[in-house]
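Q: Sharing model03.csv here; it has CSV, C-alpha atoms and all ligand atoms.
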```csv
chain,number,residue,atom,x,y,z
A,1,MET,CA,32.2,16.7,-7.2
A,2,SER,CA,29.5,17.2,-4.6
A,3,SER,CA,30.6,17.6,-1.0
A,4,THR,CA,29.3,15.5,1.8
A,5,ALA,CA,29.0,16.2,5.5
A,6,HIS,CA,30.1,14.0,8.4
A,7,SER,CA,27.4,12.4,10.4
A,8,THR,CA,27.6,13.1,14.1
A,9,ASN,CA,24.6,11.0,15.3
A,10,HIS,CA,24.6,7.7,13.3
A,11,ASP,CA,26.0,4.4,14.5
A,12,THR,CA,26.7,1.5,12.2
A,13,ILE,CA,24.9,-1.7,13.3
A,14,SER,CA,24.1,-5.1,11.9
A,15,PRO,CA,20.4,-5.9,12.6
A,16,ALA,CA,19.2,-9.5,12.5
A,17,ILE,CA,15.9,-8.4,11.0
A,18,PHE,CA,14.8,-5.4,9.0
A,19,TYR,CA,11.2,-5.1,10.1
A,20,TRP,CA,11.0,-1.3,10.0
A,21,GLY,CA,7.3,-1.2,10.3
A,22,THR,CA,4.7,-2.5,7.8
A,23,PRO,CA,1.0,-3.3,8.3
A,24,SER,CA,0.3,-6.7,9.6
A,25,SER,CA,-2.0,-8.8,7.5
A,26,SER,CA,-3.7,-12.1,7.8
A,27,SER,CA,-3.6,-14.1,4.6
A,28,ALA,CA,-6.4,-16.6,4.1
A,29,THR,CA,-6.0,-19.5,1.8
A,30,GLU,CA,-7.8,-22.8,1.1
A,31,ASN,CA,-6.4,-26.1,2.3
A,32,GLU,CA,-6.5,-29.2,0.2
A,33,ASP,CA,-9.5,-30.5,2.3
A,34,SER,CA,-11.4,-27.3,1.4
A,35,THR,CA,-11.0,-25.8,4.9
A,36,PHE,CA,-9.4,-22.4,5.3
A,37,ASN,CA,-6.1,-21.5,6.7
A,38,ILE,CA,-5.1,-18.0,8.0
A,39,ALA,CA,-1.7,-16.8,9.0
A,40,PRO,CA,-0.2,-13.4,10.1
A,41,MET,CA,2.3,-11.8,7.9
A,42,SER,CA,3.9,-8.4,7.5
A,43,SER,CA,6.4,-8.6,4.7
A,44,ALA,CA,4.2,-7.0,2.1
A,45,PHE,CA,4.2,-3.9,-0.1
A,46,TRP,CA,1.7,-2.5,-2.5
A,47,LEU,CA,2.0,-1.0,-5.9
A,48,GLY,CA,-1.0,-0.2,-8.0
A,49,ASN,CA,-3.4,-3.1,-7.6
A,50,ARG,CA,-0.5,-5.5,-6.9
A,51,CYS,CA,0.8,-6.7,-3.6
A,52,MET,CA,4.2,-8.4,-3.2
A,53,LEU,CA,4.1,-10.9,-0.3
A,54,GLY,CA,7.4,-12.2,1.2
A,55,LEU,CA,6.7,-15.7,2.4
A,56,GLY,CA,8.6,-18.8,3.6
A,57,GLY,CA,8.2,-21.7,1.2
A,58,ILE,CA,7.2,-24.2,3.9
A,59,SER,CA,4.3,-22.3,5.3
A,60,GLN,CA,0.9,-23.7,4.6
A,61,THR,CA,-0.1,-20.2,3.2
A,62,THR,CA,2.5,-20.5,0.5
A,63,ILE,CA,1.7,-24.1,-0.3
A,64,ASN,CA,-2.0,-23.3,-0.6
A,65,LEU,CA,-1.4,-20.1,-2.6
A,66,LEU,CA,0.9,-21.8,-5.1
A,67,ARG,CA,-1.6,-24.6,-5.6
A,68,THR,CA,-4.9,-22.6,-5.7
A,69,LYS,CA,-3.5,-19.2,-6.9
A,70,GLN,CA,-6.0,-17.5,-4.7
A,71,CYS,CA,-5.9,-15.7,-1.3
A,72,VAL,CA,-7.6,-13.0,0.7
A,73,LEU,CA,-5.4,-10.4,2.4
A,74,ASN,CA,-7.2,-9.3,5.5
A,75,LEU,CA,-5.8,-6.2,7.3
A,76,PRO,CA,-6.5,-6.1,11.1
A,77,SER,CA,-6.9,-2.9,12.9
A,78,ASP,CA,-4.7,-1.9,15.8
A,79,ASP,CA,-7.2,-3.3,18.4
A,80,MET,CA,-6.9,-6.8,17.1
A,81,SER,CA,-3.6,-7.8,18.7
A,82,ASP,CA,-5.2,-10.6,20.7
A,83,ALA,CA,-6.3,-12.4,17.5
A,84,VAL,CA,-2.9,-11.8,15.8
A,85,ASN,CA,-1.0,-13.1,18.8
A,86,ALA,CA,-3.3,-16.1,19.0
A,87,LEU,CA,-2.0,-17.1,15.6
A,88,ALA,CA,1.6,-16.3,16.2
A,89,ARG,CA,3.6,-19.5,16.4
A,90,THR,CA,0.9,-21.6,14.8
A,91,THR,CA,0.9,-23.3,11.5
A,92,GLY,CA,-1.6,-25.1,9.3
A,93,SER,CA,1.1,-27.4,8.2
A,94,LYS,CA,1.1,-30.9,9.9
A,95,GLU,CA,4.6,-31.5,8.7
A,96,ILE,CA,6.3,-29.5,11.5
A,97,LEU,CA,5.1,-32.2,14.0
A,98,THR,CA,7.6,-34.6,12.6
A,99,ALA,CA,10.3,-32.3,11.3
A,100,GLN,CA,13.8,-33.6,11.7
A,101,PRO,CA,17.2,-31.8,12.1
A,102,GLY,CA,18.3,-30.9,8.5
A,103,GLU,CA,14.8,-29.9,7.5
A,104,GLY,CA,15.6,-26.3,7.9
A,105,TYR,CA,12.8,-23.9,8.8
A,106,LYS,CA,10.4,-26.7,9.4
A,107,TYR,CA,12.7,-28.0,12.2
A,108,PHE,CA,13.3,-24.5,13.4
A,109,LYS,CA,9.5,-24.0,13.8
A,110,ARG,CA,9.2,-27.3,15.7
A,111,MET,CA,12.1,-26.5,18.0
A,112,ASN,CA,10.7,-23.0,18.6
A,113,GLY,CA,7.3,-24.1,19.9
A,114,TYR,CA,5.2,-23.7,16.8
A,115,GLU,CA,1.9,-25.6,17.1
A,116,TYR,CA,-0.1,-27.3,14.3
A,117,VAL,CA,-3.5,-25.7,14.4
A,118,PRO,CA,-6.0,-26.9,11.7
A,119,ASP,CA,-8.7,-24.4,12.6
A,120,LYS,CA,-7.0,-21.1,13.0
A,121,PHE,CA,-10.3,-19.1,12.6
A,122,GLY,CA,-11.5,-20.9,15.7
A,123,ARG,CA,-8.2,-20.5,17.5
A,124,ALA,CA,-8.2,-16.7,17.0
A,125,GLY,CA,-11.9,-16.3,17.6
A,126,LEU,CA,-12.4,-14.8,14.1
A,127,THR,CA,-15.3,-15.2,11.8
A,128,PRO,CA,-15.0,-16.5,8.2
A,129,ILE,CA,-17.2,-14.9,5.6
A,130,GLN,CA,-17.7,-15.8,2.0
A,131,SER,CA,-15.6,-14.0,-0.6
A,132,ASP,CA,-17.1,-12.7,-3.9
A,133,ILE,CA,-14.6,-14.0,-6.4
A,134,VAL,CA,-12.0,-16.2,-4.8
A,135,ARG,CA,-12.7,-19.3,-2.7
A,136,PRO,CA,-10.8,-18.5,0.5
A,137,ALA,CA,-12.9,-16.8,3.2
A,138,ARG,CA,-12.5,-13.2,4.4
A,139,ILE,CA,-12.1,-12.4,8.1
A,140,ALA,CA,-15.2,-10.5,9.1
A,141,GLU,CA,-13.5,-8.6,12.0
A,142,CYS,CA,-10.8,-7.2,9.7
A,143,PRO,CA,-11.8,-3.7,8.5
A,144,ALA,CA,-10.1,-4.2,5.1
A,145,GLN,CA,-10.2,-7.4,3.0
A,146,MET,CA,-8.7,-7.9,-0.4
A,147,GLU,CA,-9.5,-10.8,-2.6
A,148,ALA,CA,-6.5,-11.6,-4.7
A,149,GLU,CA,-5.1,-13.9,-7.4
A,150,LEU,CA,-1.5,-15.1,-7.7
A,151,VAL,CA,0.2,-13.7,-10.8
A,152,GLY,CA,3.9,-14.2,-10.2
A,153,VAL,CA,6.4,-16.1,-8.0
A,154,TYR,CA,10.0,-15.0,-7.5
A,155,GLU,CA,12.6,-16.9,-5.5
A,156,MET,CA,14.4,-14.7,-3.0
A,157,ALA,CA,18.1,-14.8,-2.0
A,158,ARG,CA,19.2,-16.9,-5.0
A,159,ASP,CA,22.7,-15.5,-4.3
A,160,ALA,CA,22.8,-17.0,-0.8
A,161,ASP,CA,22.6,-20.4,1.0
A,162,THR,CA,19.4,-19.4,2.7
A,163,LYS,CA,16.9,-21.0,0.3
A,164,GLY,CA,13.1,-21.3,0.6
A,165,PHE,CA,11.9,-17.7,0.7
A,166,PHE,CA,9.6,-16.4,-2.1
A,167,THR,CA,8.1,-13.1,-3.2
A,168,LEU,CA,4.6,-13.8,-4.4
A,169,GLU,CA,2.9,-11.2,-6.6
A,170,VAL,CA,-0.8,-11.1,-6.2
A,171,ARG,CA,-3.4,-8.9,-8.1
A,172,VAL,CA,-6.2,-7.5,-6.0
A,173,VAL,CA,-9.5,-8.4,-7.7
A,174,ARG,CA,-12.0,-7.1,-5.1
A,175,THR,CA,-11.7,-4.9,-2.0
A,176,HIS,CA,-14.1,-4.9,0.9
A,177,VAL,CA,-13.9,-2.3,3.7
A,178,HIS,CA,-15.9,-1.7,6.9
A,179,ARG,CA,-18.2,1.3,6.4
A,180,GLU,CA,-16.6,3.1,9.4
A,181,ILE,CA,-13.2,3.6,7.7
A,182,ARG,CA,-14.6,5.1,4.5
A,183,MET,CA,-14.1,8.7,3.7
A,184,GLU,CA,-17.3,10.6,3.9
A,185,GLY,CA,-18.7,11.8,0.6
A,186,SER,CA,-16.3,9.6,-1.4
A,187,LYS,CA,-17.1,6.4,-3.2
A,188,ASN,CA,-13.7,4.7,-3.2
A,189,ARG,CA,-11.5,6.3,-0.5
A,190,ILE,CA,-10.4,5.3,2.9
A,191,ASP,CA,-10.2,8.0,5.5
A,192,PRO,CA,-6.7,7.8,7.0
A,193,ASP,CA,-8.0,9.4,10.2
A,194,LYS,CA,-10.4,6.5,10.7
A,195,TRP,CA,-8.2,3.6,9.5
A,196,ARG,CA,-5.8,2.4,12.2
A,197,PRO,CA,-3.7,-0.4,10.8
A,198,MET,CA,-1.8,-2.7,13.0
A,199,ILE,CA,1.9,-2.2,12.4
A,200,MET,CA,4.6,-4.8,13.0
A,201,SER,CA,7.8,-3.1,13.9
A,202,PHE,CA,10.7,-5.2,15.0
A,203,GLN,CA,8.4,-8.0,16.1
A,204,GLU,CA,6.2,-5.8,18.2
A,205,LEU,CA,2.7,-4.9,17.2
A,206,LYS,CA,2.2,-1.1,17.1
A,207,TRP,CA,-0.3,1.4,16.0
A,208,VAL,CA,-0.1,4.6,14.2
A,209,ALA,CA,-0.1,7.7,16.4
A,210,ASP,CA,-2.6,10.4,15.8
A,211,SER,CA,-1.1,13.3,13.9
A,212,ASP,CA,-2.2,15.9,11.5
A,213,ILE,CA,0.5,16.3,8.9
A,214,PRO,CA,-0.8,17.9,5.7
A,215,THR,CA,-0.2,15.7,2.7
A,216,LEU,CA,-1.7,17.7,0.0
A,217,ALA,CA,0.6,16.3,-2.7
A,218,GLY,CA,-0.1,12.7,-1.8
A,219,GLN,CA,-3.9,13.1,-1.6
A,220,MET,CA,-4.2,14.9,-4.9
A,221,THR,CA,-2.9,12.1,-7.0
A,222,ARG,CA,-4.7,9.3,-5.2
A,223,ASP,CA,-7.2,8.8,-7.9
A,224,ALA,CA,-4.6,9.4,-10.6
A,225,HIS,CA,-2.9,6.2,-9.4
A,226,ARG,CA,-5.8,4.2,-11.0
A,227,LYS,CA,-4.0,4.3,-14.3
A,228,PHE,CA,-1.8,1.5,-12.9
A,229,ASN,CA,-4.8,-0.5,-12.1
A,230,ASP,CA,-6.0,-2.9,-14.9
A,231,THR,CA,-9.6,-3.0,-13.7
A,232,ARG,CA,-10.7,0.6,-14.2
A,233,ARG,CA,-9.7,3.9,-15.7
A,234,VAL,CA,-10.9,7.1,-14.1
A,235,PRO,CA,-11.4,10.3,-16.1
A,236,LEU,CA,-8.8,12.9,-15.0
A,237,GLU,CA,-11.2,15.8,-14.9
A,238,PRO,CA,-12.7,15.2,-11.5
A,239,VAL,CA,-9.2,14.6,-10.2
A,240,ILE,CA,-8.1,17.9,-11.5
A,241,ARG,CA,-11.2,19.7,-10.1
A,242,ARG,CA,-10.4,18.2,-6.7
A,243,ILE,CA,-6.8,19.4,-6.9
A,244,MET,CA,-8.1,22.9,-7.6
A,245,GLU,CA,-10.5,22.7,-4.7
A,246,MET,CA,-7.8,21.6,-2.4
A,247,ILE,CA,-5.4,24.3,-3.6
A,248,HIS,CA,-8.1,26.8,-3.0
A,249,GLN,CA,-9.0,25.5,0.5
A,250,MET,CA,-5.4,25.2,1.6
A,251,ARG,CA,-4.1,28.4,0.0
A,252,ARG,CA,-3.3,30.0,3.4
A,253,GLN,CA,-1.4,27.0,4.8
A,254,ILE,CA,0.2,25.7,1.6
A,255,ARG,CA,3.9,25.5,1.7
A,256,ASP,CA,6.5,25.9,-1.1
A,257,SER,CA,7.4,22.2,-0.7
A,258,HIS,CA,3.8,21.2,-1.5
A,259,LEU,CA,3.8,23.4,-4.6
A,260,ASN,CA,7.0,21.9,-5.7
A,261,GLU,CA,5.7,18.4,-5.2
A,262,ILE,CA,2.5,19.3,-7.2
A,263,ARG,CA,4.7,20.8,-9.9
A,264,LEU,CA,6.9,17.6,-10.1
A,265,ARG,CA,3.9,15.3,-10.2
A,266,LEU,CA,2.1,17.4,-12.8
A,267,ARG,CA,5.2,17.4,-14.9
A,268,ALA,CA,5.5,13.6,-14.6
A,269,HIS,CA,1.9,13.1,-15.7
A,270,ARG,CA,1.7,15.8,-18.3
A,271,GLY,CA,1.4,13.3,-21.1
A,272,GLU,CA,-1.9,11.9,-19.6
A,273,LEU,CA,-3.1,15.4,-18.7
A,274,SER,CA,-3.0,16.5,-22.3
A,275,ARG,CA,-4.5,13.2,-23.5
A,276,TYR,CA,-7.3,12.7,-21.1
A,277,ALA,CA,-8.3,16.2,-19.8
A,278,ASN,CA,-10.1,19.0,-21.4
A,279,PRO,CA,-7.5,21.7,-22.2
A,280,SER,CA,-9.6,24.4,-20.6
A,281,ILE,CA,-9.6,22.6,-17.3
A,282,VAL,CA,-5.9,22.1,-17.4
A,283,VAL,CA,-5.5,25.8,-18.0
A,284,SER,CA,-7.7,26.5,-15.0
A,285,LEU,CA,-5.6,24.3,-12.9
A,286,HIS,CA,-2.5,26.0,-14.1
A,287,ARG,CA,-4.1,29.4,-13.2
A,288,ALA,CA,-5.0,28.1,-9.7
A,289,ILE,CA,-1.5,27.0,-9.1
A,290,PHE,CA,-0.2,30.2,-10.5
A,291,ALA,CA,-2.4,32.3,-8.3
A,292,VAL,CA,-1.2,30.5,-5.2
A,293,SER,CA,2.4,30.5,-6.3
A,294,ALA,CA,2.3,34.3,-6.7
A,295,SER,CA,2.5,34.5,-2.9
A,296,ALA,CA,5.1,31.8,-2.6
A,297,SER,CA,8.3,33.4,-3.7
A,298,SER,CA,10.4,30.4,-4.3
A,299,TRP,CA,7.8,28.5,-6.3
A,300,PHE,CA,9.6,29.2,-9.6
A,301,GLY,CA,12.9,29.9,-7.9
A,302,GLY,CA,12.2,33.6,-7.5
A,303,GLY,CA,12.5,35.9,-10.4
A,304,ALA,CA,9.9,36.4,-13.1
A,305,ALA,CA,12.3,35.2,-15.8
A,306,LYS,CA,12.3,31.7,-14.3
A,307,LYS,CA,8.5,31.4,-14.6
A,308,ARG,CA,8.3,30.7,-18.3
A,309,PRO,CA,10.4,27.4,-18.6
A,310,PHE,CA,8.1,25.7,-16.1
A,311,CYS,CA,4.9,26.9,-17.8
A,312,SER,CA,6.1,25.8,-21.2
A,313,THR,CA,7.2,22.4,-20.1
A,314,LEU,CA,3.9,21.6,-18.4
A,315,PHE,CA,1.5,22.9,-21.1
A,316,SER,CA,1.8,23.6,-24.8
A,317,SER,CA,2.1,27.3,-25.6
A,318,ALA,CA,-1.5,27.4,-26.9
A,319,GLU,CA,-2.8,26.2,-23.5
A,320,ASN,CA,-0.5,28.4,-21.5
A,321,PRO,CA,-2.3,31.5,-20.4
A,322,ARG,CA,1.0,33.3,-19.7
A,323,SER,CA,2.3,32.5,-23.2
A,324,ARG,CA,-0.9,33.8,-24.7
A,325,ALA,CA,-0.7,36.9,-22.6
A,326,GLY,CA,2.6,37.7,-24.0
B,1,LIG,C1,2.9,-10.3,13.1
B,1,LIG,C2,3.5,-11.5,12.3
B,1,LIG,C3,4.0,-11.2,11.1
B,1,LIG,C4,4.6,-12.3,10.3
B,1,LIG,N1,5.1,-12.0,9.0
B,1,LIG,C5,5.5,-13.0,8.2
B,1,LIG,C6,5.9,-12.7,6.9
B,1,LIG,O1,5.8,-11.6,6.4
B,1,LIG,N2,6.3,-13.8,6.1
B,1,LIG,C7,6.3,-15.0,6.6
B,1,LIG,O2,6.7,-16.0,5.8
B,1,LIG,N3,5.9,-15.3,7.9
B,1,LIG,C8,5.5,-14.3,8.7
B,1,LIG,N4,5.1,-14.6,10.0
B,1,LIG,C9,5.2,-16.0,10.5
B,1,LIG,C10,4.1,-16.8,9.9
B,1,LIG,O3,2.8,-16.4,10.5
B,1,LIG,C11,4.4,-18.3,10.4
B,1,LIG,O4,5.4,-18.8,9.6
B,1,LIG,C12,3.2,-19.2,10.3
B,1,LIG,O5,3.6,-20.4,10.9
B,1,LIG,C13,2.6,-19.4,8.9
B,1,LIG,O6,1.5,-20.2,9.1
B,1,LIG,P1,1.0,-21.3,8.0
B,1,LIG,O7,2.1,-22.3,8.0
B,1,LIG,O8,-0.3,-21.8,8.5
B,1,LIG,O9,0.9,-20.5,6.7
B,1,LIG,C14,4.6,-13.6,10.8
B,1,LIG,C15,4.1,-13.8,12.1
B,1,LIG,C16,3.5,-12.8,12.8
B,1,LIG,C17,3.0,-13.1,14.2
```
Would you mind writing the file out in C-alpha cells?
A:
Amino acid sequence: MSSTAHSTNHDTISPAIFYWGTPSSSSATENEDSTFNIAPMSSAFWLGNRCMLGLGGISQTTINLLRTKQCVLNLPSDDMSDAVNALARTTGSKEILTAQPGEGYKYFKRMNGYEYVPDKFGRAGLTPIQSDIVRPARIAECPAQMEAELVGVYEMARDADTKGFFTLEVRVVRTHVHREIRMEGSKNRIDPDKWRPMIMSFQELKWVADSDIPTLAGQMTRDAHRKFNDTRRVPLEPVIRRIMEMIHQMRRQIRDSHLNEIRLRLRAHRGELSRYANPSIVVSLHRAIFAVSASASSWFGGGAAKKRPFCSTLFSSAENPRSRAG
C-alpha cells in the first residue's frame, strides 16, 4: 500500500461557488424578433473544437441557443471590464419583470435587481458585426470570436433538487481573432504573450499576470491537437520539424521534466506518428531527443541499460537508430 503524508497547510472549507478562474465570454444569440442578445458567462471549457457551456435554463441565451442552435462566443480582453460589468445583472428575458415567488431563478433574478435590457450591445457600448456562418453577430471589440453551432444538450444536477441548469456542447465552426494577438510568422496560432483574457475568479474580474514560464511540452503538440478537430487534418511532419527546432533552440534550458513530458506525449501518439509521418523524420526527431537527453541523466532513468525499452516502445526496431547500431 502506498504511504501518504499529513497535510500541514490545508483547511477543509465548503465554498458556495467553485469559480476557480475561467475566461469570461460573451455569448451572442439571436432573439425571436431577429435582434441579438449578448450575455456574460464564464462556465465554459474547451476540448478540441468543442466548447461546453454551463448555462441556466431561464436565461435568454439558453432559450435562443436551444431554438436557433447557433451562437458566437466572444472573448473579451482584460481591459473590457466596463463592458462586462455593464451587462452583469441584465437579461434579455422580459419574463423576469413579472416573475413570482415559486418561479425559482427567475424570481431570484427579479429580487436581486436584474434588469430587462433588450439592446445589450447598446447598453455595453459594443459594436455588432456580421458573422460568416451563423446568424448571431460578433462583438467587434472582443479580440477572439468563435462562431459555433449547438450539437448537444445535457441536463445538469439530475441527482439533486436544483433543476434548470444545462451543459450545452457547441462546435466551433469559424474563429476570428484580432491581428494583434496572432503569433508572428504563424498562420493559425495565438501568441499567449499578446492575448490577455479576462478571467472570472470567484466573481471578480481578473487578468493574467505577465510571466515567462517555459511550456515546451504544451507548445509542441498544439498543432497535433487538430486531429480532434473535424474540420481539418494537418500533416504531422511540420509539427515534428517544429519540435526538433524547439528542442534545438532550448537545449541549454531544457529540463528533465520537459523531456519526460515529450516522451509521454510521443508515446501516446506513436500510432499516428508511424501512420502519418515519414519514418526518416521520426528517426531524426528521435535522434534530436536522444542528443539532448544524453546530457540529462535522468531522462531514461539513468543507466544505459534502461535506454532500450523506451526506444523500442516508441519506434519499431527498423526505425530505431540505436537498435540498428547494435
Ligand atoms: C462575469 C460573469 C460570468 C457569468 N457566467 C455565467 C455562466 O457561466 N453561466 C450562466 O448561466 N450565467 C452566467 N452569468 C450570469 C448571466 O450573465 C446572467 O444570468 C444573465 O442574466 C444572462 O442573460 P440573458 O438572460 O440575456 O441570457 C455570468 C455573469 C457575469 C457577469
Q: Work out how far apart atom CA of Arg89 of chain A and atom C2 of ligand LIG 1 (chain B) are and give it in Å to one decimal.
A: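 Calculated distance between atom CA of Arg89 of chain A and atom C2 of ligand LIG 1 (chain B) is 9.0 Å.
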Q: Which residues form the shell of 9 Å around ligand LIG 1 (chain B) when you count all atoms listed in the file, given as a ChimeraX atom specification?
A: /A:23-29,37-44,53-64,81,84-94,109,114-118,120,165-166,198-201,203-205
Q: At what distance in Å, to one decimal, does atom CA of Thr68 of chain A lie from atom CA of Asp132 of chain A?
A: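 Distance reported for this atom pair: 15.8 Å.
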Q: What is the distance between atom CA of Glu141 of chain A and atom CA of Ile129 of chain A, in Å to one decimal?
A: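 About the pair atom CA of Glu141 of chain A and atom CA of Ile129 of chain A: they are 9.7 Å apart.
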Q: So which residues touch Leu65 of chain A within 9 Å, counting all atoms listed in the file, skipping near sequence neighbours fewer than 4 positions away, as a PyMOL selection string?
A: chain A and resi 29-30+60-61+69-71+149-150+168
Q: Each side padded by 4 Å, which centre and which edge lengths in Å (one decimal) define the axis-aligned box around the listed atoms of segment 239-249 of chain A? Give them as JSON.
A:
```
{"center_x": -8.3, "center_y": 20.7, "center_z": -5.5, "size_x": 13.8, "size_y": 20.2, "size_z": 20.0}
```
Q: Of the residues A:Met246, A:Ser257, A:Val170, A:Asn74, which is the one nearest to Phe45 of chain A, using all atoms listed in the file?
A: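 Distance minimum relative to Phe45 of chain A lands on A:Val170.
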Q: Need the shell around segment 180-196 of chain A: protein/DNA/RNA residues with any atom at most 8 Å away, counting all atoms listed in the file. Skip same-chain ones fewer than 6 positions apart. Format as a PDB file with C-alpha atoms, keeping the file's coordinate frame?
A:
```pdb
ATOM      1  CA  SER A  77      -6.900  -2.900  12.900  1.00  0.00           C
ATOM      2  CA  ASP A  78      -4.700  -1.900  15.800  1.00  0.00           C
ATOM      3  CA  PRO A 143     -11.800  -3.700   8.500  1.00  0.00           C
ATOM      4  CA  TRP A 207      -0.300   1.400  16.000  1.00  0.00           C
ATOM      5  CA  VAL A 208      -0.100   4.600  14.200  1.00  0.00           C
ATOM      6  CA  ASP A 210      -2.600  10.400  15.800  1.00  0.00           C
TER       7      ASP A 210
END
```
